[in-house]
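I have placed the structure first, in the form of structure tokens, so that the comments after it can refer back to it.
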Amino acid sequence: MVLSIVILSLCGFVLSLYAYRLERALAANPNYQAACQLSEVVSCTKPILSEYGSMFGVSNGILGLLFYSLMTVAAFVGTMGFVFYASVAACLVSVYLAYLLAFRIRVLCPVCVSIYAINLALLIVSYKNYFGA
């Protein structure tokens, strides 16, 4: 189970790194064409550039990098209670961001949705690990 948490966290880390690098590339060149910019409806640039692309003044990409790094360390240390409750928090934030994505920004972001799925998978795996289900 620890390996599952580490693999999921690594996937989340890579996606967060991509989101952060995309944010930096768009800041340097507003005409930058991202690989995940497929159409007006399927776009990862719109959410990243929106007012919802950061929390508390910190890029969501950086927050993701910190979160998934912390999850990896916590899994290796064996603090599964922390991993579970952090996964609950991440899922709550994901639900909020998914709402914003669908009803405020009105796009489908492949990177964002993938991160939401990883957070849900982390919740399921950490629940099974913490509660022995």
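Naming scheme: A, B, ... for chains in displayed order of the structure tokens; residues 1 onward per chain; ligands 1 onward as shown.
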**Study point:** Near-stretch 47-56 of chain A list (9 Å; only C-alpha atoms; drop same-chain fewer than 5 positions) as a PyMOL selection string
**Key:** chain A and resi 19-20+22-23+26-27+61-63+97+100-101+105+107+109+112
**Study point:** Shell of 8 Å around stretch 1-4 of chain A, only C-alpha atoms, local chain residues under 4 positions omitted, as a list in words
**Key:** Leu8, Ala75, Phe76, Val125, Ser126 and Asn129 of chain A
Check your understanding: Can you tell me how far atom CA of A:Gln33 sits from atom CA of A:Phe103, in Å to one decimal?
Key -> 24.1 Å
Practice item. Name the residues of stretch 18-71 of chain A that fall into strand (DSSP E or B) according to DSSP on the backbone, using the chain letters and numbers of this document, as number ranges by chain. Key: A: 42, 54-55, 58-59
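Closest approach to A:Ile5 among A:Ser43, A:Thr72, A:Thr79, A:Ser114 is made by A:Thr72 (distances from only C-alpha atoms).
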Point to revise | Secondary structure check, alpha helix (DSSP H) residues of stretch 10-112 of chain A, as a PyMOL selection string | key: chain A and resi 10-28+45-49+60-77+80-99+110-112
**Study point:** Contact residues around A:Leu10 with only C-alpha atoms at 8 Å, ignoring same-chain residues under 2 positions, as JSON, numbers by chain
**Key:** {"A": [6, 7, 8, 12, 13, 14, 68, 69, 72]}
Keeping N, CA and C atoms, export the residues of the selection given above as a compact mmCIF listing (two decimals), in the first residue's frame.
```
# COMPACT_ATOMS: atom_id res chain seq x y z
N VAL A 6 3.11 6.16 -2.87
CA VAL A 6 4.30 6.79 -3.45
C VAL A 6 4.13 6.97 -4.96
N ILE A 7 3.62 5.96 -5.64
CA ILE A 7 3.43 6.06 -7.10
C ILE A 7 2.40 7.13 -7.43
N LEU A 8 1.28 7.14 -6.71
CA LEU A 8 0.26 8.17 -6.94
C LEU A 8 0.81 9.56 -6.65
N GLY A 12 1.18 12.76 -9.16
CA GLY A 12 0.68 14.09 -8.81
C GLY A 12 1.79 15.13 -8.85
N PHE A 13 2.96 14.74 -8.40
CA PHE A 13 4.12 15.64 -8.42
C PHE A 13 4.47 16.04 -9.85
N VAL A 14 4.50 15.05 -10.74
CA VAL A 14 4.84 15.31 -12.15
C VAL A 14 3.80 16.22 -12.79
N TYR A 68 2.39 16.74 -2.70
CA TYR A 68 2.77 15.38 -3.11
C TYR A 68 4.13 14.97 -2.55
N SER A 69 5.03 15.93 -2.35
CA SER A 69 6.31 15.63 -1.69
C SER A 69 6.06 15.21 -0.25
N THR A 72 4.60 11.73 -0.01
CA THR A 72 5.62 10.69 -0.22
C THR A 72 6.42 10.46 1.05
```
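Between A:Ile115 and the candidates A:Ala86, A:Leu65, A:Val77, A:Val58, the tightest atom-to-atom separation, counting only C-alpha atoms, involves A:Leu65.
Ranking A:Leu123, A:Val73, A:Asn60, A:Ala102 by their shortest atom-to-atom distance to A:Val88, with only C-alpha atoms included, puts A:Leu123 first.
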**Study point:** Straight-line distance linking atom CA of A:Ser94 with atom CA of A:Ala117, stated in Å to one decimal
**Key:** 8.9 Å
